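*Asks:* This is the structure I have questions about; it appears just below.
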Amino acid sequence: MATKKQIILPIVVIAVGVTGFIGMSALKKPPEEKEELDTTPLVSVQAVEIKPMSFAVSSYGVVSAKYETELVSQVNGEIVYLSAAFVKGGFVKKGDVLAKIDPSDYEAALIDAKANMASARATLVQEKAFGKVAEEEWKRIENGVPTELSLRKPQLAQEVAKLNSSEAGLKRANRNLERTIIKAPYDALIEARNIGLGSYVSMGTPLGKVLSTDQAEIRLPIADKELQFLDNKGKGAEVKLTGEFAGQSQEWPATIVRSEGVIDNRSRMTYLVAEVIDPYGLNSKTNDFNELRYGTYVTASIDGSHAGQVAEIPRHLVINNQVATLDDEGKLRYKDITIVRQIGSKVIVSAGLDAGVNVITSALDYPIEGMQLALPQDPTLGDESDDPQATQLAMEEKD
């Protein structure tokens, strides 16, 4: 049988333990309440700007002369004169003498032609006199009917024909003599000269090649879908040409003068032709004119039609003709837009966006219409410098 001491001792030990546990629990600090984390996605935005815009169509091409002429000899003979300007790269005016072919034979031929015509003219006068004599003699004969032969009409017609032939020969001799002098057909740049002093040329021999300097032309390929952005299909539009001159980028004004009217079989492009007046500045009164040399590669910006009031936004923000926006309550809203044109990495929007609307420019992992969003600079988010995502978005906003 347990003694009284054996019963009381365990009870005392248990009471002391419970009392100690309660005391220690009272000394322990209660757990601090953790602040509730804000998991609202952060986004960066860009305010939409509505402004008037005129379209421009880009193209490229190589500058060439409006007229190119291959000079060819029309007579035979020796080259007895060459102009100092008749060299590759030389500039000449319309009518300038470039070369001369020995005219001796053609001068002699001209003298013969003149002599033949004078002889034919004299014979015609003589034949007219014979005809008048024959006519007077037949008037004295009564009851006689003269024939055309007896009145010498066939002979007269023959002499008239000989005179016409001699006149034609004289014109031919004059023309051949004139062809011994090779002249510039227009204000030109000499591209090539194929003859030298003393060379013998025959009919059809190439003498050289000249390029007109009054106007230059540039063929500009345009995609068919781009023509819709040009008034009057581009005819009469102003063009800004950009190219290199003396190692520096230069600009020249031009005007679209015509369309070639067909679509190229290989490139499927329509070609517009731009014209530049006085490309070498030969008629310019200033000394700082930058010549537009033939063969220069240029890019072209063609003035197009007026687009009206439009917005310009990055192309990657558009998905299925919709863009994500942030409304006044900080919620995600998708807006349907109308795109009138795509230019590189940008799209031109004509409807669907109002001025000042905030377009979301940052990516969202799981976008849902109406979800709550926040901006990095929102004061409810606390110090954004402690949040790497907020810091990154703020840097993107600053850029």
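Each chain of the structure tokens is named A, B, ... in the order shown, its residues numbered from 1; ligands are numbered from 1 in display order.
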When you look at Glu226 of chain A with a cut-off of 10 Å (counting only C-alpha atoms), what residues show up, excluding the ones that are within fewer than 2 positions of it in the same chain? I need them as an NGL selection string.

*Replies:* :A and (56-58 or 222-224 or 228-230 or 233 or 270 or 304 or 341)

*Asks:* Next, dump the selected residues to file, keeping only all heavy atoms, as a tab-separated table (two decimals), in the first residue's frame.

*Replies:*
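That gives us again-v1.tsv:
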chain	number	residue	atom	x	y	z
A	56	ALA	N	4.24	58.81	-96.21
A	56	ALA	CA	5.37	58.87	-97.14
A	56	ALA	C	5.71	57.44	-97.55
A	56	ALA	O	5.62	56.52	-96.74
A	56	ALA	CB	6.58	59.54	-96.51
A	57	VAL	N	6.06	57.28	-98.80
A	57	VAL	CA	6.41	55.96	-99.34
A	57	VAL	C	7.90	55.94	-99.65
A	57	VAL	O	8.41	56.85	-100.32
A	57	VAL	CB	5.59	55.64	-100.60
A	57	VAL	CG1	6.04	54.31	-101.20
A	57	VAL	CG2	4.10	55.59	-100.27
A	58	SER	N	8.58	54.94	-99.16
A	58	SER	CA	10.03	54.83	-99.36
A	58	SER	C	10.34	53.97	-100.57
A	58	SER	O	9.63	53.01	-100.88
A	58	SER	CB	10.70	54.24	-98.11
A	58	SER	OG	10.48	55.07	-96.99
A	222	ILE	N	7.86	50.56	-106.59
A	222	ILE	CA	6.85	50.73	-105.55
A	222	ILE	C	5.98	49.48	-105.52
A	222	ILE	O	5.48	49.04	-106.55
A	222	ILE	CB	5.97	51.97	-105.80
A	222	ILE	CG1	6.83	53.22	-105.96
A	222	ILE	CG2	4.95	52.14	-104.69
A	222	ILE	CD1	7.55	53.65	-104.71
A	223	ALA	N	5.80	48.91	-104.34
A	223	ALA	CA	4.89	47.77	-104.19
A	223	ALA	C	3.46	48.23	-104.47
A	223	ALA	O	3.09	49.36	-104.16
A	223	ALA	CB	5.00	47.18	-102.79
A	224	ASP	N	2.68	47.34	-105.06
A	224	ASP	CA	1.32	47.72	-105.46
A	224	ASP	C	0.49	48.21	-104.27
A	224	ASP	O	-0.28	49.16	-104.39
A	224	ASP	CB	0.64	46.51	-106.12
A	224	ASP	CG	-0.73	46.86	-106.68
A	224	ASP	OD1	-0.80	47.60	-107.66
A	224	ASP	OD2	-1.73	46.40	-106.10
A	228	GLN	N	-1.67	52.97	-102.70
A	228	GLN	CA	-2.87	53.53	-102.08
A	228	GLN	C	-2.55	54.72	-101.18
A	228	GLN	O	-3.43	55.52	-100.86
A	228	GLN	CB	-3.59	52.46	-101.27
A	228	GLN	CG	-2.75	51.91	-100.11
A	228	GLN	CD	-3.45	50.84	-99.32
A	228	GLN	OE1	-4.59	51.02	-98.89
A	228	GLN	NE2	-2.78	49.70	-99.14
A	229	PHE	N	-1.30	54.85	-100.77
A	229	PHE	CA	-0.91	55.95	-99.90
A	229	PHE	C	-0.38	57.15	-100.67
A	229	PHE	O	0.14	58.10	-100.07
A	229	PHE	CB	0.16	55.47	-98.90
A	229	PHE	CG	-0.28	54.29	-98.08
A	229	PHE	CD1	0.37	53.07	-98.18
A	229	PHE	CD2	-1.37	54.39	-97.23
A	229	PHE	CE1	-0.04	51.98	-97.43
A	229	PHE	CE2	-1.79	53.31	-96.48
A	229	PHE	CZ	-1.13	52.10	-96.57
A	230	LEU	N	-0.47	57.12	-102.02
A	230	LEU	CA	0.00	58.22	-102.85
A	230	LEU	C	-1.18	58.85	-103.57
A	230	LEU	O	-2.02	58.15	-104.14
A	230	LEU	CB	1.02	57.72	-103.89
A	230	LEU	CG	2.32	57.12	-103.33
A	230	LEU	CD1	3.17	56.58	-104.48
A	230	LEU	CD2	3.10	58.15	-102.52
A	233	LYS	N	-1.90	58.35	-107.66
A	233	LYS	CA	-0.96	57.24	-107.91
A	233	LYS	C	0.49	57.72	-107.97
A	233	LYS	O	1.35	57.11	-108.61
A	233	LYS	CB	-1.32	56.51	-109.20
A	233	LYS	CG	-2.70	55.88	-109.18
A	233	LYS	CD	-2.81	54.83	-108.10
A	233	LYS	CE	-4.15	54.09	-108.14
A	233	LYS	NZ	-5.27	54.94	-107.77
A	270	THR	N	5.68	48.19	-109.37
A	270	THR	CA	5.36	49.26	-110.30
A	270	THR	C	6.46	50.31	-110.20
A	270	THR	O	6.88	50.67	-109.10
A	270	THR	CB	4.00	49.90	-109.96
A	270	THR	OG1	2.97	48.92	-110.12
A	270	THR	CG2	3.71	51.09	-110.86
A	304	GLY	N	3.14	61.40	-99.61
A	304	GLY	CA	1.90	60.70	-99.90
A	304	GLY	C	0.67	61.47	-99.46
A	304	GLY	O	0.70	62.68	-99.23
A	341	ARG	N	-1.94	51.47	-91.62
A	341	ARG	CA	-0.66	51.20	-92.27
A	341	ARG	C	0.37	50.73	-91.25
A	341	ARG	O	0.29	51.09	-90.08
A	341	ARG	CB	-0.13	52.47	-92.96
A	341	ARG	CG	1.05	52.20	-93.90
A	341	ARG	CD	1.58	53.47	-94.50
A	341	ARG	NE	2.66	53.18	-95.44
A	341	ARG	CZ	3.50	54.10	-95.91
A	341	ARG	NH1	3.37	55.35	-95.54
A	341	ARG	NH2	4.45	53.76	-96.76

*Asks:* Excluding Ile339 of chain A and any residue of its chain fewer than 2 positions from it, enumerate the residues within 8 Å of it, using only C-alpha atoms, and give them as a list in words.

*Replies:*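 Listing them by chain and then by number gives Asn321, Ile337, Arg341, Gln342, Val347, Ile348, Val349, Ser350 and Ala351 of chain A.
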
*Asks:* Please produce a file of those selected residues containing all heavy atoms, as a PDB file, in the first residue's frame.

*Replies:*
ATOM      1  N   ASN A 321      -5.553  42.682 -83.681  1.00  0.00           N
ATOM      2  CA  ASN A 321      -6.145  44.023 -83.815  1.00  0.00           C
ATOM      3  C   ASN A 321      -6.678  44.567 -82.498  1.00  0.00           C
ATOM      4  O   ASN A 321      -7.652  45.326 -82.465  1.00  0.00           O
ATOM      5  CB  ASN A 321      -7.265  44.024 -84.866  1.00  0.00           C
ATOM      6  CG  ASN A 321      -6.723  43.926 -86.274  1.00  0.00           C
ATOM      7  OD1 ASN A 321      -5.601  44.344 -86.544  1.00  0.00           O
ATOM      8  ND2 ASN A 321      -7.503  43.364 -87.163  1.00  0.00           N
ATOM      9  N   ILE A 337      -8.827  48.158 -82.410  1.00  0.00           N
ATOM     10  CA  ILE A 337      -8.272  49.298 -83.150  1.00  0.00           C
ATOM     11  C   ILE A 337      -8.349  49.037 -84.654  1.00  0.00           C
ATOM     12  O   ILE A 337      -8.486  47.894 -85.101  1.00  0.00           O
ATOM     13  CB  ILE A 337      -6.803  49.574 -82.749  1.00  0.00           C
ATOM     14  CG1 ILE A 337      -5.924  48.349 -83.062  1.00  0.00           C
ATOM     15  CG2 ILE A 337      -6.704  49.970 -81.300  1.00  0.00           C
ATOM     16  CD1 ILE A 337      -4.445  48.598 -82.843  1.00  0.00           C
ATOM     17  N   ARG A 341      -1.939  51.465 -91.622  1.00  0.00           N
ATOM     18  CA  ARG A 341      -0.657  51.203 -92.272  1.00  0.00           C
ATOM     19  C   ARG A 341       0.368  50.730 -91.252  1.00  0.00           C
ATOM     20  O   ARG A 341       0.293  51.088 -90.077  1.00  0.00           O
ATOM     21  CB  ARG A 341      -0.132  52.468 -92.960  1.00  0.00           C
ATOM     22  CG  ARG A 341       1.047  52.196 -93.898  1.00  0.00           C
ATOM     23  CD  ARG A 341       1.582  53.466 -94.502  1.00  0.00           C
ATOM     24  NE  ARG A 341       2.658  53.183 -95.444  1.00  0.00           N
ATOM     25  CZ  ARG A 341       3.502  54.096 -95.907  1.00  0.00           C
ATOM     26  NH1 ARG A 341       3.370  55.346 -95.541  1.00  0.00           N
ATOM     27  NH2 ARG A 341       4.448  53.757 -96.756  1.00  0.00           N
ATOM     28  N   GLN A 342       1.265  49.902 -91.711  1.00  0.00           N
ATOM     29  CA  GLN A 342       2.391  49.454 -90.899  1.00  0.00           C
ATOM     30  C   GLN A 342       3.669  50.041 -91.476  1.00  0.00           C
ATOM     31  O   GLN A 342       3.952  49.904 -92.663  1.00  0.00           O
ATOM     32  CB  GLN A 342       2.468  47.931 -90.887  1.00  0.00           C
ATOM     33  CG  GLN A 342       3.675  47.388 -90.142  1.00  0.00           C
ATOM     34  CD  GLN A 342       3.731  45.876 -90.166  1.00  0.00           C
ATOM     35  OE1 GLN A 342       2.731  45.198 -90.021  1.00  0.00           O
ATOM     36  NE2 GLN A 342       4.920  45.342 -90.379  1.00  0.00           N
ATOM     37  N   VAL A 347       2.866  50.860 -86.081  1.00  0.00           N
ATOM     38  CA  VAL A 347       1.604  50.784 -86.805  1.00  0.00           C
ATOM     39  C   VAL A 347       0.876  52.103 -86.627  1.00  0.00           C
ATOM     40  O   VAL A 347       0.976  52.758 -85.579  1.00  0.00           O
ATOM     41  CB  VAL A 347       0.717  49.614 -86.329  1.00  0.00           C
ATOM     42  CG1 VAL A 347       1.325  48.280 -86.701  1.00  0.00           C
ATOM     43  CG2 VAL A 347       0.460  49.698 -84.827  1.00  0.00           C
ATOM     44  N   ILE A 348       0.138  52.494 -87.672  1.00  0.00           N
ATOM     45  CA  ILE A 348      -0.636  53.726 -87.636  1.00  0.00           C
ATOM     46  C   ILE A 348      -2.088  53.353 -87.381  1.00  0.00           C
ATOM     47  O   ILE A 348      -2.682  52.588 -88.142  1.00  0.00           O
ATOM     48  CB  ILE A 348      -0.495  54.507 -88.953  1.00  0.00           C
ATOM     49  CG1 ILE A 348       0.992  54.687 -89.305  1.00  0.00           C
ATOM     50  CG2 ILE A 348      -1.192  55.849 -88.853  1.00  0.00           C
ATOM     51  CD1 ILE A 348       1.794  55.394 -88.257  1.00  0.00           C
ATOM     52  N   VAL A 349      -2.655  53.905 -86.304  1.00  0.00           N
ATOM     53  CA  VAL A 349      -4.015  53.571 -85.866  1.00  0.00           C
ATOM     54  C   VAL A 349      -4.924  54.763 -86.150  1.00  0.00           C
ATOM     55  O   VAL A 349      -4.652  55.883 -85.694  1.00  0.00           O
ATOM     56  CB  VAL A 349      -4.038  53.223 -84.371  1.00  0.00           C
ATOM     57  CG1 VAL A 349      -5.462  52.898 -83.924  1.00  0.00           C
ATOM     58  CG2 VAL A 349      -3.109  52.051 -84.088  1.00  0.00           C
ATOM     59  N   SER A 350      -5.997  54.515 -86.884  1.00  0.00           N
ATOM     60  CA  SER A 350      -6.927  55.590 -87.228  1.00  0.00           C
ATOM     61  C   SER A 350      -8.158  55.619 -86.333  1.00  0.00           C
ATOM     62  O   SER A 350      -8.845  56.642 -86.258  1.00  0.00           O
ATOM     63  CB  SER A 350      -7.369  55.453 -88.692  1.00  0.00           C
ATOM     64  OG  SER A 350      -8.070  54.230 -88.895  1.00  0.00           O
ATOM     65  N   ALA A 351      -8.479  54.529 -85.657  1.00  0.00           N
ATOM     66  CA  ALA A 351      -9.670  54.476 -84.806  1.00  0.00           C
ATOM     67  C   ALA A 351      -9.466  53.455 -83.698  1.00  0.00           C
ATOM     68  O   ALA A 351      -8.732  52.469 -83.866  1.00  0.00           O
ATOM     69  CB  ALA A 351     -10.907  54.107 -85.632  1.00  0.00           C
TER      70      ALA A 351
END

*Asks:* May I have the residues within 6 Å of segment 285-297 of chain A as a ChimeraX atom specification, using only C-alpha atoms and disregarding those fewer than 3 positions away in the same chain?

*Replies:* /A:61-64,279-281

*Asks:* Please list as a ChimeraX atom specification every residue within 12 Å of segment 353-361 of chain A, counting only C-alpha atoms and excluding residues in the same chain fewer than 6 positions away.

*Replies:* /A:41-51,309-318,321-339,367,373-375,393,396-397

*Asks:* Looking at A:Ser165, A:Asn232, A:Thr69, A:Ser119, which one is nearest to Val257 of chain A, with distances taken over only C-alpha atoms?

*Replies:*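 Looking at the shortest contact to Val257 of chain A, the residue is A:Asn232.
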
*Asks:* In Å, how far is it from atom CA of Ile101 of chain A to atom CA of Gly89 of chain A?

*Replies:*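 Between atom CA of Ile101 of chain A and atom CA of Gly89 of chain A the gap is 22.5 Å.
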
*Asks:* Would you kindly return, as number ranges by chain, each protein, DNA or RNA residue with an atom no farther than 8 Å from any atom of segment 190-201 of chain A, considering only C-alpha atoms and excluding same-chain residues fewer than 4 positions away?

*Replies:* A: 73, 75-82, 86-92, 205-211

*Asks:* Have a look at atom CA of Ala254 of chain A and atom CA of Gly95 of chain A and let me know their distance in Å, one decimal.

*Replies:*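 Between these atoms lies a distance of 27.9 Å.
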
*Asks:* When you count only C-alpha atoms, which of these residues is closest to Ala120 of chain A: A:Ala65, A:Val160, A:Ala108, A:Leu149?

*Replies:*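 Using only C-alpha atoms, the shortest distance to Ala120 of chain A belongs to A:Val160.
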
*Asks:* Go through A:Ser345, A:Lys183, A:Ala300, A:Thr213 one by one, measure the shortest atom-to-atom distance of each to Gly243 of chain A using only C-alpha atoms, and give the residue with the smallest value.

*Replies:*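 Result for the nearest residue to Gly243 of chain A: A:Ala300.
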
*Asks:* Counting only C-alpha atoms, which residue out of A:Val340, A:Asn176, A:Leu364, A:Thr242 sits closest to His306 of chain A?

*Replies:*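 Closest to His306 of chain A, using only C-alpha atoms: A:Val340.
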
*Asks:* Can you tell me, as a count of residues only, what residues are no more than 12 Å from Arg258 of chain A when counting only C-alpha atoms, ignoring any on the same chain fewer than 6 positions away?

*Replies:* 16

*Asks:* Which is closest to Glu127 of chain A among A:Glu159, A:Asp278, A:Asp303, A:Glu107, if we use only C-alpha atoms?

*Replies:* A:Glu159
